Amino acid sequence: IFVSMTEFLSLEIKKSIKEALEPLPEKEKLVVSLYYYDELTMKDIGGILGITESRVCQLHSQTMSRLKVRLMRYGAAS
């Protein structure tokens with residue numbers, strides 16, 4: 001099967017993100033999933049999780065920082 005370089009890189013990026021998400025706490029994974037995959041607002045996510053919109057923003061920022069570090073490490077290791 002022929003796979004273009006663009007498709008290959010896209011698959012590698014998705015794989016890297018999935019691996020970086022795996023060790024995160026469940027609540028952080030849920031925030032990422034609801035925000036990016038389900039496209040819910042921070043307010044809606046807060047309602048689902050029973051936390052404030054402000055806390056959702058904090059969790060999101062914390063998660064993005066963790067992912068950035070993990071993905072940078074992954075890139076350096078590759």
# chains A, B, ... in the order shown; residues from 1 in each chain; ligands from 1
>>> residues_around(residues="range 67-70 of chain A", least_positions_apart="3", cutoff="12 Å", atoms="only C-alpha atoms", output="PyMOL selection string")
chain A and resi 16-24+28-29+32+60-64+73-77
>>> residues_around(residues="Asp44 in chain A", least_positions_apart="3", cutoff="12 Å", atoms="only C-alpha atoms", output="PDB file with all heavy atoms, in the first residue's frame")
ATOM      1  N   VAL A  31     -11.346  16.509  29.394  1.00  0.00           N
ATOM      2  CA  VAL A  31     -11.394  17.910  28.969  1.00  0.00           C
ATOM      3  C   VAL A  31     -10.905  18.029  27.526  1.00  0.00           C
ATOM      4  O   VAL A  31     -11.543  18.673  26.690  1.00  0.00           O
ATOM      5  CB  VAL A  31     -10.566  18.816  29.907  1.00  0.00           C
ATOM      6  CG1 VAL A  31     -10.366  20.201  29.301  1.00  0.00           C
ATOM      7  CG2 VAL A  31     -11.234  18.936  31.274  1.00  0.00           C
ATOM      8  N   LEU A  34     -13.557  16.390  25.132  1.00  0.00           N
ATOM      9  CA  LEU A  34     -14.784  17.181  24.991  1.00  0.00           C
ATOM     10  C   LEU A  34     -14.531  18.483  24.237  1.00  0.00           C
ATOM     11  O   LEU A  34     -15.372  18.925  23.458  1.00  0.00           O
ATOM     12  CB  LEU A  34     -15.383  17.479  26.372  1.00  0.00           C
ATOM     13  CG  LEU A  34     -15.941  16.275  27.121  1.00  0.00           C
ATOM     14  CD1 LEU A  34     -16.320  16.665  28.553  1.00  0.00           C
ATOM     15  CD2 LEU A  34     -17.120  15.660  26.396  1.00  0.00           C
ATOM     16  N   TYR A  35     -13.380  19.081  24.463  1.00  0.00           N
ATOM     17  CA  TYR A  35     -13.084  20.369  23.834  1.00  0.00           C
ATOM     18  C   TYR A  35     -12.707  20.216  22.355  1.00  0.00           C
ATOM     19  O   TYR A  35     -13.244  20.908  21.500  1.00  0.00           O
ATOM     20  CB  TYR A  35     -11.963  21.078  24.601  1.00  0.00           C
ATOM     21  CG  TYR A  35     -11.735  22.497  24.150  1.00  0.00           C
ATOM     22  CD1 TYR A  35     -12.640  23.503  24.471  1.00  0.00           C
ATOM     23  CD2 TYR A  35     -10.626  22.846  23.402  1.00  0.00           C
ATOM     24  CE1 TYR A  35     -12.447  24.812  24.062  1.00  0.00           C
ATOM     25  CE2 TYR A  35     -10.418  24.148  22.989  1.00  0.00           C
ATOM     26  CZ  TYR A  35     -11.332  25.131  23.320  1.00  0.00           C
ATOM     27  OH  TYR A  35     -11.132  26.423  22.898  1.00  0.00           O
ATOM     28  N   ASP A  38     -15.365  16.791  20.641  1.00  0.00           N
ATOM     29  CA  ASP A  38     -16.802  17.068  20.683  1.00  0.00           C
ATOM     30  C   ASP A  38     -17.118  18.545  20.476  1.00  0.00           C
ATOM     31  O   ASP A  38     -18.284  18.918  20.356  1.00  0.00           O
ATOM     32  CB  ASP A  38     -17.393  16.584  22.009  1.00  0.00           C
ATOM     33  CG  ASP A  38     -17.278  15.077  22.162  1.00  0.00           C
ATOM     34  OD1 ASP A  38     -17.344  14.363  21.142  1.00  0.00           O
ATOM     35  OD2 ASP A  38     -17.112  14.603  23.304  1.00  0.00           O
ATOM     36  N   GLU A  39     -16.076  19.371  20.483  1.00  0.00           N
ATOM     37  CA  GLU A  39     -16.180  20.818  20.224  1.00  0.00           C
ATOM     38  C   GLU A  39     -17.142  21.524  21.176  1.00  0.00           C
ATOM     39  O   GLU A  39     -17.902  22.403  20.788  1.00  0.00           O
ATOM     40  CB  GLU A  39     -16.541  21.087  18.758  1.00  0.00           C
ATOM     41  CG  GLU A  39     -15.506  20.547  17.792  1.00  0.00           C
ATOM     42  CD  GLU A  39     -15.825  20.798  16.332  1.00  0.00           C
ATOM     43  OE1 GLU A  39     -16.895  21.360  16.024  1.00  0.00           O
ATOM     44  OE2 GLU A  39     -14.991  20.436  15.494  1.00  0.00           O
ATOM     45  N   LEU A  40     -17.099  21.127  22.440  1.00  0.00           N
ATOM     46  CA  LEU A  40     -17.907  21.789  23.456  1.00  0.00           C
ATOM     47  C   LEU A  40     -17.176  23.011  23.984  1.00  0.00           C
ATOM     48  O   LEU A  40     -15.952  23.094  23.902  1.00  0.00           O
ATOM     49  CB  LEU A  40     -18.195  20.833  24.618  1.00  0.00           C
ATOM     50  CG  LEU A  40     -19.023  19.594  24.297  1.00  0.00           C
ATOM     51  CD1 LEU A  40     -19.209  18.759  25.555  1.00  0.00           C
ATOM     52  CD2 LEU A  40     -20.374  19.965  23.711  1.00  0.00           C
ATOM     53  N   THR A  41     -17.933  23.939  24.548  1.00  0.00           N
ATOM     54  CA  THR A  41     -17.318  25.113  25.158  1.00  0.00           C
ATOM     55  C   THR A  41     -16.800  24.754  26.547  1.00  0.00           C
ATOM     56  O   THR A  41     -17.207  23.740  27.142  1.00  0.00           O
ATOM     57  CB  THR A  41     -18.343  26.252  25.298  1.00  0.00           C
ATOM     58  OG1 THR A  41     -19.369  25.833  26.210  1.00  0.00           O
ATOM     59  CG2 THR A  41     -18.954  26.631  23.951  1.00  0.00           C
ATOM     60  N   GLY A  47     -20.095  22.242  33.095  1.00  0.00           N
ATOM     61  CA  GLY A  47     -21.394  21.709  33.496  1.00  0.00           C
ATOM     62  C   GLY A  47     -21.399  20.191  33.552  1.00  0.00           C
ATOM     63  O   GLY A  47     -21.956  19.594  34.469  1.00  0.00           O
ATOM     64  N   ILE A  48     -20.769  19.566  32.582  1.00  0.00           N
ATOM     65  CA  ILE A  48     -20.700  18.097  32.544  1.00  0.00           C
ATOM     66  C   ILE A  48     -19.882  17.556  33.710  1.00  0.00           C
ATOM     67  O   ILE A  48     -20.262  16.574  34.347  1.00  0.00           O
ATOM     68  CB  ILE A  48     -20.092  17.624  31.198  1.00  0.00           C
ATOM     69  CG1 ILE A  48     -21.071  17.917  30.064  1.00  0.00           C
ATOM     70  CG2 ILE A  48     -19.717  16.148  31.246  1.00  0.00           C
ATOM     71  CD1 ILE A  48     -20.478  17.745  28.676  1.00  0.00           C
ATOM     72  N   LEU A  49     -18.757  18.212  33.987  1.00  0.00           N
ATOM     73  CA  LEU A  49     -17.844  17.726  35.029  1.00  0.00           C
ATOM     74  C   LEU A  49     -18.197  18.222  36.424  1.00  0.00           C
ATOM     75  O   LEU A  49     -17.610  17.783  37.408  1.00  0.00           O
ATOM     76  CB  LEU A  49     -16.405  18.126  34.697  1.00  0.00           C
ATOM     77  CG  LEU A  49     -15.823  17.560  33.406  1.00  0.00           C
ATOM     78  CD1 LEU A  49     -14.410  18.071  33.183  1.00  0.00           C
ATOM     79  CD2 LEU A  49     -15.846  16.039  33.429  1.00  0.00           C
ATOM     80  N   GLY A  50     -19.137  19.175  36.493  1.00  0.00           N
ATOM     81  CA  GLY A  50     -19.519  19.720  37.792  1.00  0.00           C
ATOM     82  C   GLY A  50     -18.457  20.639  38.389  1.00  0.00           C
ATOM     83  O   GLY A  50     -18.281  20.674  39.606  1.00  0.00           O
ATOM     84  N   ILE A  51     -17.731  21.345  37.524  1.00  0.00           N
ATOM     85  CA  ILE A  51     -16.706  22.284  37.967  1.00  0.00           C
ATOM     86  C   ILE A  51     -16.936  23.622  37.245  1.00  0.00           C
ATOM     87  O   ILE A  51     -17.713  23.695  36.303  1.00  0.00           O
ATOM     88  CB  ILE A  51     -15.270  21.759  37.695  1.00  0.00           C
ATOM     89  CG1 ILE A  51     -15.054  21.461  36.204  1.00  0.00           C
ATOM     90  CG2 ILE A  51     -14.995  20.516  38.544  1.00  0.00           C
ATOM     91  CD1 ILE A  51     -13.658  20.982  35.844  1.00  0.00           C
ATOM     92  N   THR A  52     -16.264  24.657  37.702  1.00  0.00           N
ATOM     93  CA  THR A  52     -16.454  25.969  37.084  1.00  0.00           C
ATOM     94  C   THR A  52     -15.756  26.053  35.730  1.00  0.00           C
ATOM     95  O   THR A  52     -14.825  25.292  35.436  1.00  0.00           O
ATOM     96  CB  THR A  52     -15.890  27.084  37.985  1.00  0.00           C
ATOM     97  OG1 THR A  52     -14.470  26.927  38.085  1.00  0.00           O
ATOM     98  CG2 THR A  52     -16.530  27.068  39.368  1.00  0.00           C
ATOM     99  N   GLU A  53     -16.218  26.980  34.936  1.00  0.00           N
ATOM    100  CA  GLU A  53     -15.590  27.237  33.638  1.00  0.00           C
ATOM    101  C   GLU A  53     -14.124  27.626  33.831  1.00  0.00           C
ATOM    102  O   GLU A  53     -13.251  27.210  33.067  1.00  0.00           O
ATOM    103  CB  GLU A  53     -16.345  28.352  32.922  1.00  0.00           C
ATOM    104  CG  GLU A  53     -15.820  28.700  31.555  1.00  0.00           C
ATOM    105  CD  GLU A  53     -16.638  29.774  30.870  1.00  0.00           C
ATOM    106  OE1 GLU A  53     -17.651  30.243  31.421  1.00  0.00           O
ATOM    107  OE2 GLU A  53     -16.243  30.153  29.752  1.00  0.00           O
ATOM    108  N   SER A  54     -13.861  28.389  34.889  1.00  0.00           N
ATOM    109  CA  SER A  54     -12.495  28.801  35.204  1.00  0.00           C
ATOM    110  C   SER A  54     -11.608  27.590  35.477  1.00  0.00           C
ATOM    111  O   SER A  54     -10.462  27.528  35.025  1.00  0.00           O
ATOM    112  CB  SER A  54     -12.504  29.736  36.416  1.00  0.00           C
ATOM    113  OG  SER A  54     -11.197  30.068  36.795  1.00  0.00           O
ATOM    114  N   VAL A  56     -12.073  24.550  34.337  1.00  0.00           N
ATOM    115  CA  VAL A  56     -11.880  23.869  33.060  1.00  0.00           C
ATOM    116  C   VAL A  56     -10.730  24.533  32.302  1.00  0.00           C
ATOM    117  O   VAL A  56      -9.863  23.849  31.756  1.00  0.00           O
ATOM    118  CB  VAL A  56     -13.162  23.863  32.201  1.00  0.00           C
ATOM    119  CG1 VAL A  56     -12.882  23.278  30.822  1.00  0.00           C
ATOM    120  CG2 VAL A  56     -14.276  23.095  32.894  1.00  0.00           C
ATOM    121  N   CYS A  57     -10.715  25.859  32.297  1.00  0.00           N
ATOM    122  CA  CYS A  57      -9.628  26.591  31.627  1.00  0.00           C
ATOM    123  C   CYS A  57      -8.281  26.253  32.249  1.00  0.00           C
ATOM    124  O   CYS A  57      -7.285  26.069  31.537  1.00  0.00           O
ATOM    125  CB  CYS A  57      -9.870  28.094  31.694  1.00  0.00           C
ATOM    126  SG  CYS A  57     -11.235  28.655  30.683  1.00  0.00           S
TER     127      CYS A  57
END
>>> atom_distance(atom1="CA of Lys43 in chain A", atom2="CA of Arg66 in chain A")
22.2 Å
>>> select_by_dssp(residues="chain A", states="alpha helix (DSSP H)", output="PyMOL selection string")
chain A and resi 5-21+26-32+42-49+53-77
>>> decode(residues="range 2-26 of chain A", atoms="N, CA, C and O atoms", output="tab-separated table (two decimals), in the first residue's frame")
chain	number	residue	atom	x	y	z
A	2	PHE	N	0.60	2.15	-0.89
A	2	PHE	CA	1.37	3.39	-1.00
A	2	PHE	C	0.76	4.46	-0.09
A	2	PHE	O	-0.44	4.71	-0.12
A	3	VAL	N	1.60	5.07	0.73
A	3	VAL	CA	1.16	6.14	1.61
A	3	VAL	C	2.04	7.35	1.32
A	3	VAL	O	3.26	7.24	1.31
A	4	SER	N	1.41	8.48	1.08
A	4	SER	CA	2.19	9.69	0.81
A	4	SER	C	2.91	10.15	2.07
A	4	SER	O	2.55	9.76	3.19
A	5	MET	N	3.91	10.98	1.89
A	5	MET	CA	4.67	11.51	3.03
A	5	MET	C	3.75	12.31	3.95
A	5	MET	O	3.85	12.22	5.17
A	6	THR	N	2.83	13.06	3.38
A	6	THR	CA	1.89	13.85	4.18
A	6	THR	C	1.02	12.95	5.04
A	6	THR	O	0.81	13.21	6.23
A	7	GLU	N	0.51	11.87	4.45
A	7	GLU	CA	-0.32	10.92	5.20
A	7	GLU	C	0.49	10.25	6.30
A	7	GLU	O	0.01	10.07	7.42
A	8	PHE	N	1.73	9.89	5.97
A	8	PHE	CA	2.61	9.25	6.94
A	8	PHE	C	2.86	10.17	8.13
A	8	PHE	O	2.74	9.76	9.28
A	9	LEU	N	3.20	11.43	7.85
A	9	LEU	CA	3.47	12.38	8.92
A	9	LEU	C	2.22	12.63	9.76
A	9	LEU	O	2.30	12.74	10.99
A	10	SER	N	1.06	12.70	9.11
A	10	SER	CA	-0.19	12.89	9.84
A	10	SER	C	-0.44	11.72	10.79
A	10	SER	O	-0.82	11.92	11.95
A	11	LEU	N	-0.19	10.52	10.33
A	11	LEU	CA	-0.36	9.34	11.18
A	11	LEU	C	0.63	9.35	12.34
A	11	LEU	O	0.28	8.99	13.47
A	12	GLU	N	1.86	9.76	12.08
A	12	GLU	CA	2.88	9.83	13.12
A	12	GLU	C	2.52	10.87	14.18
A	12	GLU	O	2.71	10.65	15.37
A	13	ILE	N	2.01	12.00	13.74
A	13	ILE	CA	1.61	13.05	14.68
A	13	ILE	C	0.46	12.56	15.55
A	13	ILE	O	0.47	12.73	16.77
A	14	LYS	N	-0.53	11.93	14.94
A	14	LYS	CA	-1.67	11.40	15.70
A	14	LYS	C	-1.20	10.37	16.71
A	14	LYS	O	-1.65	10.34	17.85
A	15	LYS	N	-0.28	9.51	16.29
A	15	LYS	CA	0.26	8.48	17.18
A	15	LYS	C	0.99	9.13	18.36
A	15	LYS	O	0.82	8.72	19.51
A	16	SER	N	1.77	10.16	18.08
A	16	SER	CA	2.51	10.86	19.14
A	16	SER	C	1.57	11.51	20.14
A	16	SER	O	1.79	11.44	21.35
A	17	ILE	N	0.52	12.13	19.64
A	17	ILE	CA	-0.45	12.78	20.52
A	17	ILE	C	-1.16	11.74	21.38
A	17	ILE	O	-1.34	11.93	22.59
A	18	LYS	N	-1.55	10.65	20.77
A	18	LYS	CA	-2.23	9.58	21.52
A	18	LYS	C	-1.33	9.06	22.63
A	18	LYS	O	-1.78	8.88	23.77
A	19	GLU	N	-0.06	8.83	22.33
A	19	GLU	CA	0.88	8.34	23.34
A	19	GLU	C	1.09	9.37	24.45
A	19	GLU	O	1.22	9.00	25.62
A	20	ALA	N	1.11	10.65	24.09
A	20	ALA	CA	1.30	11.70	25.09
A	20	ALA	C	0.08	11.84	25.99
A	20	ALA	O	0.21	12.22	27.16
A	21	LEU	N	-1.10	11.54	25.47
A	21	LEU	CA	-2.34	11.65	26.25
A	21	LEU	C	-2.53	10.48	27.22
A	21	LEU	O	-3.15	10.65	28.28
A	22	GLU	N	-2.01	9.31	26.89
A	22	GLU	CA	-2.27	8.10	27.67
A	22	GLU	C	-2.00	8.24	29.17
A	22	GLU	O	-2.84	7.86	29.98
A	23	PRO	N	-0.86	8.80	29.59
A	23	PRO	CA	-0.60	8.85	31.04
A	23	PRO	C	-1.30	9.97	31.80
A	23	PRO	O	-1.21	10.05	33.01
A	24	LEU	N	-2.03	10.83	31.11
A	24	LEU	CA	-2.71	11.94	31.77
A	24	LEU	C	-3.84	11.44	32.66
A	24	LEU	O	-4.45	10.40	32.40
A	25	PRO	N	-4.14	12.21	33.71
A	25	PRO	CA	-5.31	11.88	34.55
A	25	PRO	C	-6.58	11.87	33.70
A	25	PRO	O	-6.69	12.61	32.72
A	26	GLU	N	-7.54	11.06	34.10
A	26	GLU	CA	-8.78	10.91	33.33
A	26	GLU	C	-9.51	12.23	33.11
A	26	GLU	O	-10.04	12.47	32.03
